[in-house]
Structures are given as structure tokens and as C-alpha cells.
$ cat work25.cif   # mmCIF, C-alpha atoms
data_protein
#
loop_
_atom_site.group_PDB
_atom_site.id
_atom_site.type_symbol
_atom_site.label_atom_id
_atom_site.label_comp_id
_atom_site.auth_asym_id
_atom_site.auth_seq_id
_atom_site.Cartn_x
_atom_site.Cartn_y
_atom_site.Cartn_z
ATOM 1 C CA GLY A 12 4.107 -14.301 14.214
ATOM 2 C CA ILE A 13 6.123 -11.220 15.177
ATOM 3 C CA ASN A 14 5.718 -10.219 18.842
ATOM 4 C CA LEU A 15 7.573 -6.916 18.643
ATOM 5 C CA GLY A 16 5.959 -4.566 16.108
ATOM 6 C CA LEU A 17 6.031 -0.898 15.170
ATOM 7 C CA ILE A 18 3.836 0.347 18.021
ATOM 8 C CA GLU A 19 5.975 -1.400 20.664
ATOM 9 C CA VAL A 20 9.110 0.204 19.194
ATOM 10 C CA LEU A 21 7.458 3.654 19.169
ATOM 11 C CA ARG A 22 6.393 3.279 22.803
ATOM 12 C CA GLN A 23 9.982 2.499 23.779
ATOM 13 C CA MET A 24 11.283 5.460 21.750
ATOM 14 C CA ARG A 25 8.739 7.886 23.250
ATOM 15 C CA PRO A 26 8.319 6.914 26.930
ATOM 16 C CA ASP A 27 6.825 10.326 27.788
ATOM 17 C CA ASP A 28 3.858 9.715 25.464
ATOM 18 C CA HIS A 29 1.462 7.879 27.737
ATOM 19 C CA TYR A 30 -0.922 6.909 24.941
ATOM 20 C CA LEU A 31 0.234 5.640 21.566
ATOM 21 C CA GLU A 32 -1.943 3.464 19.340
ATOM 22 C CA LEU A 33 -1.802 2.499 15.672
ATOM 23 C CA VAL A 34 -4.731 3.979 13.750
ATOM 24 C CA HIS A 35 -4.327 1.506 10.884
ATOM 25 C CA ARG A 36 -1.799 -1.025 9.638
ATOM 26 C CA LEU A 37 0.439 -1.552 6.638
ATOM 27 C CA ASP A 38 1.322 -4.938 5.187
ATOM 28 C CA ARG A 39 4.614 -6.086 6.704
ATOM 29 C CA ASP A 40 6.724 -5.305 3.616
ATOM 30 C CA THR A 41 5.009 -1.993 2.794
ATOM 31 C CA SER A 42 6.895 1.218 3.579
ATOM 32 C CA GLY A 43 5.759 4.813 3.983
ATOM 33 C CA CYS A 44 3.208 6.855 5.922
ATOM 34 C CA ILE A 45 1.290 5.364 8.824
ATOM 35 C CA MET A 46 -0.956 7.057 11.404
ATOM 36 C CA VAL A 47 -0.367 6.813 15.145
ATOM 37 C CA ALA A 48 -2.751 8.442 17.639
ATOM 38 C CA LYS A 49 -1.462 10.132 20.823
ATOM 39 C CA LYS A 50 -4.948 10.541 22.291
ATOM 40 C CA ARG A 51 -7.922 8.196 22.559
ATOM 41 C CA SER A 52 -10.200 10.937 21.172
ATOM 42 C CA MET A 53 -8.044 11.237 18.040
ATOM 43 C CA LEU A 54 -7.990 7.468 17.627
ATOM 44 C CA ARG A 55 -11.822 7.432 17.720
ATOM 45 C CA HIS A 56 -12.022 10.360 15.263
ATOM 46 C CA LEU A 57 -9.674 8.742 12.738
ATOM 47 C CA HIS A 58 -11.297 5.314 13.051
ATOM 48 C CA GLU A 59 -14.666 6.911 12.306
ATOM 49 C CA ALA A 60 -13.174 8.816 9.338
ATOM 50 C CA LEU A 61 -11.764 5.574 7.939
ATOM 51 C CA ARG A 62 -15.060 3.745 8.474
ATOM 52 C CA GLN A 63 -17.049 6.454 6.692
ATOM 53 C CA GLY A 64 -14.520 6.727 3.878
ATOM 54 C CA ARG A 65 -13.998 10.460 4.258
ATOM 55 C CA GLY A 66 -11.510 12.690 6.035
ATOM 56 C CA VAL A 67 -8.537 10.425 5.308
ATOM 57 C CA SER A 68 -6.931 9.992 1.895
ATOM 58 C CA LYS A 69 -4.045 7.613 1.201
ATOM 59 C CA ILE A 70 -1.873 7.442 -1.916
ATOM 60 C CA TYR A 71 0.400 4.480 -2.612
ATOM 61 C CA HIS A 72 3.090 3.988 -5.240
ATOM 62 C CA ALA A 73 3.740 0.533 -6.674
ATOM 63 C CA LEU A 74 5.843 -0.983 -9.425
ATOM 64 C CA VAL A 75 3.816 -3.570 -11.325
ATOM 65 C CA VAL A 76 4.531 -6.191 -13.952
ATOM 66 C CA GLY A 77 4.075 -5.239 -17.610
ATOM 67 C CA ARG A 78 2.729 -2.190 -19.378
ATOM 68 C CA TRP A 79 -0.403 -0.780 -17.728
ATOM 69 C CA GLU A 80 -2.234 0.703 -20.695
ATOM 70 C CA SER A 81 -5.006 2.794 -19.113
ATOM 71 C CA ALA A 82 -3.742 6.117 -17.775
ATOM 72 C CA ASP A 83 -6.534 5.994 -15.177
ATOM 73 C CA GLN A 84 -8.423 2.891 -14.147
ATOM 74 C CA LYS A 85 -10.989 2.061 -11.485
ATOM 75 C CA VAL A 86 -10.995 -1.493 -10.170
ATOM 76 C CA ASP A 87 -14.286 -2.347 -8.485
ATOM 77 C CA ALA A 88 -14.046 -5.991 -7.395
ATOM 78 C CA PRO A 89 -15.309 -7.552 -4.132
ATOM 79 C CA LEU A 90 -12.670 -9.175 -1.938
ATOM 80 C CA LYS A 91 -12.939 -12.106 0.434
ATOM 81 C CA LYS A 92 -10.426 -13.487 2.919
ATOM 82 C CA ASN A 93 -9.672 -17.185 2.569
ATOM 83 C CA GLU A 94 -7.550 -19.523 4.622
ATOM 84 C CA LEU A 95 -5.487 -22.207 2.908
ATOM 85 C CA VAL A 96 -4.980 -25.693 4.327
ATOM 86 C CA SER A 97 -1.540 -24.542 5.496
ATOM 87 C CA GLY A 98 -3.219 -21.829 7.586
ATOM 88 C CA GLU A 99 -1.904 -19.049 5.333
ATOM 89 C CA ARG A 100 -4.356 -16.187 4.790
ATOM 90 C CA ILE A 101 -5.026 -15.174 1.195
ATOM 91 C CA VAL A 102 -7.466 -12.680 -0.300
ATOM 92 C CA ARG A 103 -9.323 -13.345 -3.545
ATOM 93 C CA VAL A 104 -11.776 -11.518 -5.792
ATOM 94 C CA GLN A 105 -15.107 -13.244 -5.122
ATOM 95 C CA GLU A 106 -18.714 -12.271 -5.793
ATOM 96 C CA ASP A 107 -19.684 -12.855 -2.161
ATOM 97 C CA GLY A 108 -16.791 -10.740 -0.873
ATOM 98 C CA LYS A 109 -16.857 -7.229 0.592
ATOM 99 C CA ALA A 110 -17.209 -4.268 -1.772
ATOM 100 C CA SER A 111 -13.715 -2.974 -2.649
ATOM 101 C CA ILE A 112 -12.647 -0.103 -4.916
ATOM 102 C CA THR A 113 -9.171 1.109 -5.898
ATOM 103 C CA MET A 114 -8.305 3.955 -8.272
ATOM 104 C CA PHE A 115 -5.110 3.431 -10.283
ATOM 105 C CA LYS A 116 -3.125 6.028 -12.227
ATOM 106 C CA VAL A 117 -0.006 5.512 -14.339
ATOM 107 C CA ILE A 118 3.035 7.517 -13.212
ATOM 108 C CA ARG A 119 5.667 6.111 -15.559
ATOM 109 C CA ARG A 120 5.966 3.209 -17.983
ATOM 110 C CA PHE A 121 9.186 1.297 -18.593
ATOM 111 C CA SER A 122 8.657 -0.134 -22.075
ATOM 112 C CA SER A 123 6.614 -3.336 -21.717
ATOM 113 C CA VAL A 124 8.603 -4.499 -18.693
ATOM 114 C CA ALA A 125 7.034 -2.620 -15.784
ATOM 115 C CA THR A 126 4.868 0.359 -14.841
ATOM 116 C CA LEU A 127 5.121 2.683 -11.844
ATOM 117 C CA ILE A 128 1.575 3.389 -10.704
ATOM 118 C CA GLU A 129 -0.298 5.404 -8.119
ATOM 119 C CA ALA A 130 -2.983 3.533 -6.186
ATOM 120 C CA LYS A 131 -5.696 5.242 -4.165
ATOM 121 C CA PRO A 132 -7.811 2.817 -2.112
ATOM 122 C CA ILE A 133 -11.387 4.027 -1.673
ATOM 123 C CA THR A 134 -12.131 1.143 0.685
ATOM 124 C CA GLY A 135 -9.672 -0.387 3.133
ATOM 125 C CA ARG A 136 -9.659 -4.162 2.735
ATOM 126 C CA THR A 137 -6.784 -6.485 3.609
ATOM 127 C CA HIS A 138 -4.245 -6.753 0.730
ATOM 128 C CA GLN A 139 -6.622 -4.652 -1.403
ATOM 129 C CA ILE A 140 -4.107 -2.892 -3.666
ATOM 130 C CA ARG A 141 -2.073 -6.070 -4.157
ATOM 131 C CA VAL A 142 -5.077 -8.196 -5.145
ATOM 132 C CA HIS A 143 -6.684 -5.490 -7.315
ATOM 133 C CA ALA A 144 -3.401 -4.974 -9.181
ATOM 134 C CA GLN A 145 -3.208 -8.740 -9.748
ATOM 135 C CA PHE A 146 -6.867 -8.770 -10.855
ATOM 136 C CA ALA A 147 -6.084 -6.013 -13.381
ATOM 137 C CA GLY A 148 -3.381 -8.261 -14.847
ATOM 138 C CA HIS A 149 -0.420 -6.405 -13.341
ATOM 139 C CA PRO A 150 0.722 -7.923 -10.029
ATOM 140 C CA ILE A 151 3.090 -5.891 -7.895
ATOM 141 C CA ILE A 152 6.774 -6.686 -8.323
ATOM 142 C CA GLY A 153 8.291 -8.344 -5.256
ATOM 143 C CA ASP A 154 4.933 -9.678 -4.048
ATOM 144 C CA ALA A 155 5.624 -13.236 -2.844
ATOM 145 C CA LYS A 156 1.925 -13.977 -2.291
ATOM 146 C CA TYR A 157 0.183 -12.489 -5.351
ATOM 147 C CA GLY A 158 3.063 -11.822 -7.730
ATOM 148 C CA VAL A 159 4.984 -13.726 -10.408
ATOM 149 C CA GLU A 160 7.872 -15.675 -8.896
ATOM 150 C CA SER A 161 10.058 -15.692 -12.025
ATOM 151 C CA ILE A 162 9.745 -11.903 -12.470
ATOM 152 C CA ASN A 163 10.335 -11.302 -8.761
ATOM 153 C CA SER A 164 13.582 -13.294 -9.017
ATOM 154 C CA GLN A 165 14.628 -11.329 -12.088
ATOM 155 C CA MET A 166 13.871 -7.992 -10.409
ATOM 156 C CA GLN A 167 15.897 -8.936 -7.336
ATOM 157 C CA LYS A 168 18.957 -8.531 -9.563
ATOM 158 C CA GLU A 169 17.820 -4.946 -10.191
ATOM 159 C CA GLY A 170 17.765 -4.314 -6.428
ATOM 160 C CA ILE A 171 14.063 -4.901 -5.722
ATOM 161 C CA LYS A 172 14.279 -7.394 -2.886
ATOM 162 C CA ARG A 173 10.879 -6.754 -1.294
ATOM 163 C CA LEU A 174 7.303 -5.873 -2.144
ATOM 164 C CA PHE A 175 7.407 -2.639 -4.186
ATOM 165 C CA LEU A 176 4.479 -0.983 -2.411
ATOM 166 C CA HIS A 177 4.952 2.373 -0.688
ATOM 167 C CA ALA A 178 2.486 4.586 1.201
ATOM 168 C CA ALA A 179 3.674 7.789 -0.453
ATOM 169 C CA ALA A 180 1.186 10.377 0.816
ATOM 170 C CA LEU A 181 -1.459 10.837 3.466
ATOM 171 C CA THR A 182 -4.035 13.588 4.002
ATOM 172 C CA VAL A 183 -5.886 13.778 7.308
ATOM 173 C CA THR A 184 -8.789 16.084 8.173
ATOM 174 C CA LEU A 185 -8.946 16.896 11.883
ATOM 175 C CA ALA A 186 -12.168 17.371 13.871
ATOM 176 C CA ASP A 187 -11.931 21.171 13.482
ATOM 177 C CA GLY A 188 -11.635 20.880 9.687
ATOM 178 C CA GLU A 189 -7.872 21.486 9.480
ATOM 179 C CA LYS A 190 -6.175 19.377 6.815
ATOM 180 C CA LEU A 191 -2.746 17.888 7.349
ATOM 181 C CA HIS A 192 -0.663 16.578 4.440
ATOM 182 C CA PHE A 193 2.215 14.136 4.793
ATOM 183 C CA LYS A 194 4.618 12.639 2.255
ATOM 184 C CA ALA A 195 7.233 9.902 2.523
ATOM 185 C CA PRO A 196 9.975 9.628 -0.111
ATOM 186 C CA LEU A 197 10.746 6.271 -1.660
ATOM 187 C CA GLU A 198 13.659 4.539 0.054
ATOM 188 C CA ASN A 199 17.009 4.781 -1.747
ATOM 189 C CA LYS A 200 17.157 1.135 -2.873
ATOM 190 C CA LEU A 201 13.772 1.325 -4.577
ATOM 191 C CA SER A 202 14.341 4.743 -6.159
ATOM 192 C CA THR A 203 17.720 3.509 -7.483
ATOM 193 C CA ALA A 204 15.970 0.454 -8.935
ATOM 194 C CA VAL A 205 13.507 2.750 -10.727
ATOM 195 C CA ASP A 206 16.398 4.808 -12.144
ATOM 196 C CA ASN A 207 18.076 1.609 -13.334
ATOM 197 C CA LEU A 208 14.879 0.515 -15.081
ATOM 198 C CA ALA A 209 14.665 3.894 -16.788
ATOM 199 C CA ALA A 210 18.242 3.546 -18.030
ATOM 200 C CA LEU A 211 17.641 0.003 -19.313
ATOM 201 C CA HIS A 212 14.248 0.672 -20.875
ATOM 202 C CA ASN A 213 14.333 4.217 -22.195
ATOM 203 C CA LYS A 214 11.165 3.771 -24.280
ATOM 204 C CA TYR A 215 8.903 4.717 -21.398
ATOM 205 C CA ASP A 216 6.172 7.351 -21.548
#

$ encode --input "work25.cif" --output "C-alpha cells"
Amino acid sequence: GINLGLIEVLRQMRPDDHYLELVHRLDRDTSGCIMVAKKRSMLRHLHEALRQGRGVSKIYHALVVGRWESADQKVDAPLKKNELVSGERIVRVQEDGKASITMFKVIRRFSSVATLIEAKPITGRTHQIRVHAQFAGHPIIGDAKYGVESINSQMQKEGIKRLFLHAAALTVTLADGEKLHFKAPLENKLSTAVDNLAALHNKYD
């Protein structure tokens, strides 16, 4: 429902770039790295890399509800888009859905309250990380669609007022084999919230 998005803003900011197109998208409340192509040939190359599942690697950071026990965990659960009576789009784990795999790794635990995790999507389905985290029993904090409303309200007092999902790192392999690495730091409000959690729940590991 938003007419003016990221690519329109970028085109206004860079009028001398005659070709700017989003290579992929992030959920509206997700921050961090995103790819924009300045040439049609690069757009085709990156789309093909994403389709084949090689040449592009994305790492996300998320704060999830509860204590995620497994240091490393693979979630392999098919996902299917559904539309509610209201017209809202929601994604669910369903046997007849599309194959979807996410690798999760624990970064830091905050007692039994929350866990900061790394998520690496192997496939690229809509809302994949959010639904796989929920499926694993640890929905992302601040997620209005797949999260826990009471915990989201509680965490708002700690400064987490949006979905705590951040595209932290991106690796891109160009057509000539050169690898480019990009990182985006967590915004101040979210990193402060993490520090506050650490101070409140010092029994993390």
C-alpha cells in the first residue's frame, strides 16, 4: 500500500544513474543490506545467482523469544503463502508448500528471556526467516504477524519498537569471480536494547 518505496527514493537521490533496480526485497520493517543493480546485465546476473542458490550469501541477525538451545540448527520446512479473509497475506509451514531451508546459529543468549541469533536463508521464500523461527518455537521479537503480542509489548519498553530482523552481511560473487563483502551495523536503538538485555539478564552464554 506504499507508493513511494526505496527504489524511488534512490532514483531521486542519484539522478545521474540512468538505471537503478532492486535485485531483491526486504520485509518492510527489516533493516540492513540490500542489493541494487546499476546495469541490466548485473540485474540478470544476480537474479540468476539467487535462483540457483549460489554466488550470493545473506546473513541476518534476529532477536527471538526464549532460550534457543541448539547452538546450530537447520530448519527444513516447506512454506506456502495463504490469504486470509481480510486479504492479509500470511505464510505457513505446509506439506504442499515450496521447499525452504534456513540455517540458524546462536550468537548470544539472555537467560531464558531471549536469544540473539544468526539466520542464513538457503532458499529465498517470503517471510522465510520469520516463519521458520516461529516454527522452531522462537518467534522474532517485534514481529506483529508471527510473534507473541504480549512479549512484543513488553519488549517495546526495552526500546524494541519494530521487528528485530536485520540483514547484517552480504557476500556477492561477480561474473568474473570477484567476491564482494558488505556489512551493516545494527541501528543504535536495537544495539542499545541488546545492551540493556545483557545488563538485566547477565546469565547469558

$ residues_around --input "work25.cif" --residues "Asp154 (chain A)" --least-positions-apart "5" --cutoff "12 Å" --atoms "all atoms listed in the file" --output "list in words"
Asp38, Arg39, Asp40, Thr41, Ala73, Leu74, Val75, Val76, His138, Ile140, Arg141, Val142, Ala144, Gln145, His149, Val159, Glu160, Ser161, Ile162, Asn163, Ser164, Met166, Gln167, Ile171, Lys172, Arg173, Leu174, Phe175 and Leu176 of chain A

$ write_last_selection --input "work25.cif" --atoms "C-alpha atoms" --output "PDB file, keeping the file's coordinate frame"
ATOM      1  CA  ASP A  38       1.322  -4.938   5.187  1.00  0.00           C
ATOM      2  CA  ARG A  39       4.614  -6.086   6.704  1.00  0.00           C
ATOM      3  CA  ASP A  40       6.724  -5.305   3.616  1.00  0.00           C
ATOM      4  CA  THR A  41       5.009  -1.993   2.794  1.00  0.00           C
ATOM      5  CA  ALA A  73       3.740   0.533  -6.674  1.00  0.00           C
ATOM      6  CA  LEU A  74       5.843  -0.983  -9.425  1.00  0.00           C
ATOM      7  CA  VAL A  75       3.816  -3.570 -11.325  1.00  0.00           C
ATOM      8  CA  VAL A  76       4.531  -6.191 -13.952  1.00  0.00           C
ATOM      9  CA  HIS A 138      -4.245  -6.753   0.730  1.00  0.00           C
ATOM     10  CA  ILE A 140      -4.107  -2.892  -3.666  1.00  0.00           C
ATOM     11  CA  ARG A 141      -2.073  -6.070  -4.157  1.00  0.00           C
ATOM     12  CA  VAL A 142      -5.077  -8.196  -5.145  1.00  0.00           C
ATOM     13  CA  ALA A 144      -3.401  -4.974  -9.181  1.00  0.00           C
ATOM     14  CA  GLN A 145      -3.208  -8.740  -9.748  1.00  0.00           C
ATOM     15  CA  HIS A 149      -0.420  -6.405 -13.341  1.00  0.00           C
ATOM     16  CA  VAL A 159       4.984 -13.726 -10.408  1.00  0.00           C
ATOM     17  CA  GLU A 160       7.872 -15.675  -8.896  1.00  0.00           C
ATOM     18  CA  SER A 161      10.058 -15.692 -12.025  1.00  0.00           C
ATOM     19  CA  ILE A 162       9.745 -11.903 -12.470  1.00  0.00           C
ATOM     20  CA  ASN A 163      10.335 -11.302  -8.761  1.00  0.00           C
ATOM     21  CA  SER A 164      13.582 -13.294  -9.017  1.00  0.00           C
ATOM     22  CA  MET A 166      13.871  -7.992 -10.409  1.00  0.00           C
ATOM     23  CA  GLN A 167      15.897  -8.936  -7.336  1.00  0.00           C
ATOM     24  CA  ILE A 171      14.063  -4.901  -5.722  1.00  0.00           C
ATOM     25  CA  LYS A 172      14.279  -7.394  -2.886  1.00  0.00           C
ATOM     26  CA  ARG A 173      10.879  -6.754  -1.294  1.00  0.00           C
ATOM     27  CA  LEU A 174       7.303  -5.873  -2.144  1.00  0.00           C
ATOM     28  CA  PHE A 175       7.407  -2.639  -4.186  1.00  0.00           C
ATOM     29  CA  LEU A 176       4.479  -0.983  -2.411  1.00  0.00           C
TER      30      LEU A 176
END

$ closest_atom_pairs --input "work25.cif" --of "region 19-99 of chain A" --to "region 128-137 of chain A" --cutoff "7 Å" --atoms "all atoms listed in the file" --output "tab-separated table"
residue	atom	partner	partner_atom	distance
A:Gly64	CA	A:Thr134	CA	6.9
A:Lys69	CA	A:Lys131	CA	6.1
A:Ile70	CA	A:Lys131	CA	5.0
A:Tyr71	CA	A:Ala130	CA	5.0
A:His72	CA	A:Glu129	CA	4.7
A:Ala73	CA	A:Ile128	CA	5.4
A:Leu74	CA	A:Ile128	CA	6.2

$ closest_residue --input "work25.cif" --among "A:Ser52, A:Gln139, A:Ser123, A:Ser68" --to "His192 (chain A)" --atoms "only C-alpha atoms"
A:Ser68

$ resolve_selection --input "work25.cif" --expression "the PyMOL selection byres ((chain A and resi 126) around 12)" --output "VMD selection string"
chain A and resid 72 to 82 115 to 125 127 to 129 144 148 to 152 175 205 208 to 209 212 214 to 216

$ residues_near_point --input "work25.cif" --point "(-4.5, 1.4, 12.9)" --cutoff "8 Å" --atoms "all atoms listed in the file" --output "count of residues only"
8

$ resolve_selection --input "work25.cif" --expression "the PyMOL selection byres ((chain A and resi 178) around 6)" --output "PyMOL selection string"
chain A and resi 43-44+71+177+179-180

$ closest_atom_pairs --input "work25.cif" --of "region 147-197 of chain A" --to "region 86-106 of chain A" --cutoff "9 Å" --atoms "only C-alpha atoms" --output "tab-separated table"
residue	atom	partner	partner_atom	distance
A:Ala147	CA	A:Val86	CA	7.4
A:Lys156	CA	A:Ile101	CA	7.9
A:Tyr157	CA	A:Ile101	CA	8.8

$ atom_distance --input "work25.cif" --atom1 "CA of Met53 (chain A)" --atom2 "CA of His29 (chain A)"
14.0 Å

$ residues_around --input "work25.cif" --residues "Leu185 (chain A)" --least-positions-apart "3" --cutoff "10 Å" --atoms "all atoms listed in the file" --output "PyMOL selection string"
chain A and resi 53+56-57+60+66-67+182+188-191

$ axis_aligned_box --input "work25.cif" --around "region 110-127 of chain A" --padding-each-side "5 Å" --output "JSON"
{"center_x": -4.0, "center_y": 1.5, "center_z": -11.9, "size_x": 36.4, "size_y": 22.0, "size_z": 30.3}

$ atom_distance --input "work25.cif" --atom1 "CA of Lys50 (chain A)" --atom2 "CA of Leu17 (chain A)"
17.4 Å

$ atom_distance --input "work25.cif" --atom1 "CA of Glu19 (chain A)" --atom2 "CA of Ala186 (chain A)"
27.0 Å

$ closest_residue --input "work25.cif" --among "A:Leu21, A:Arg62, A:Leu54, A:Gly16" --to "Leu37 (chain A)" --atoms "all atoms listed in the file"
A:Gly16
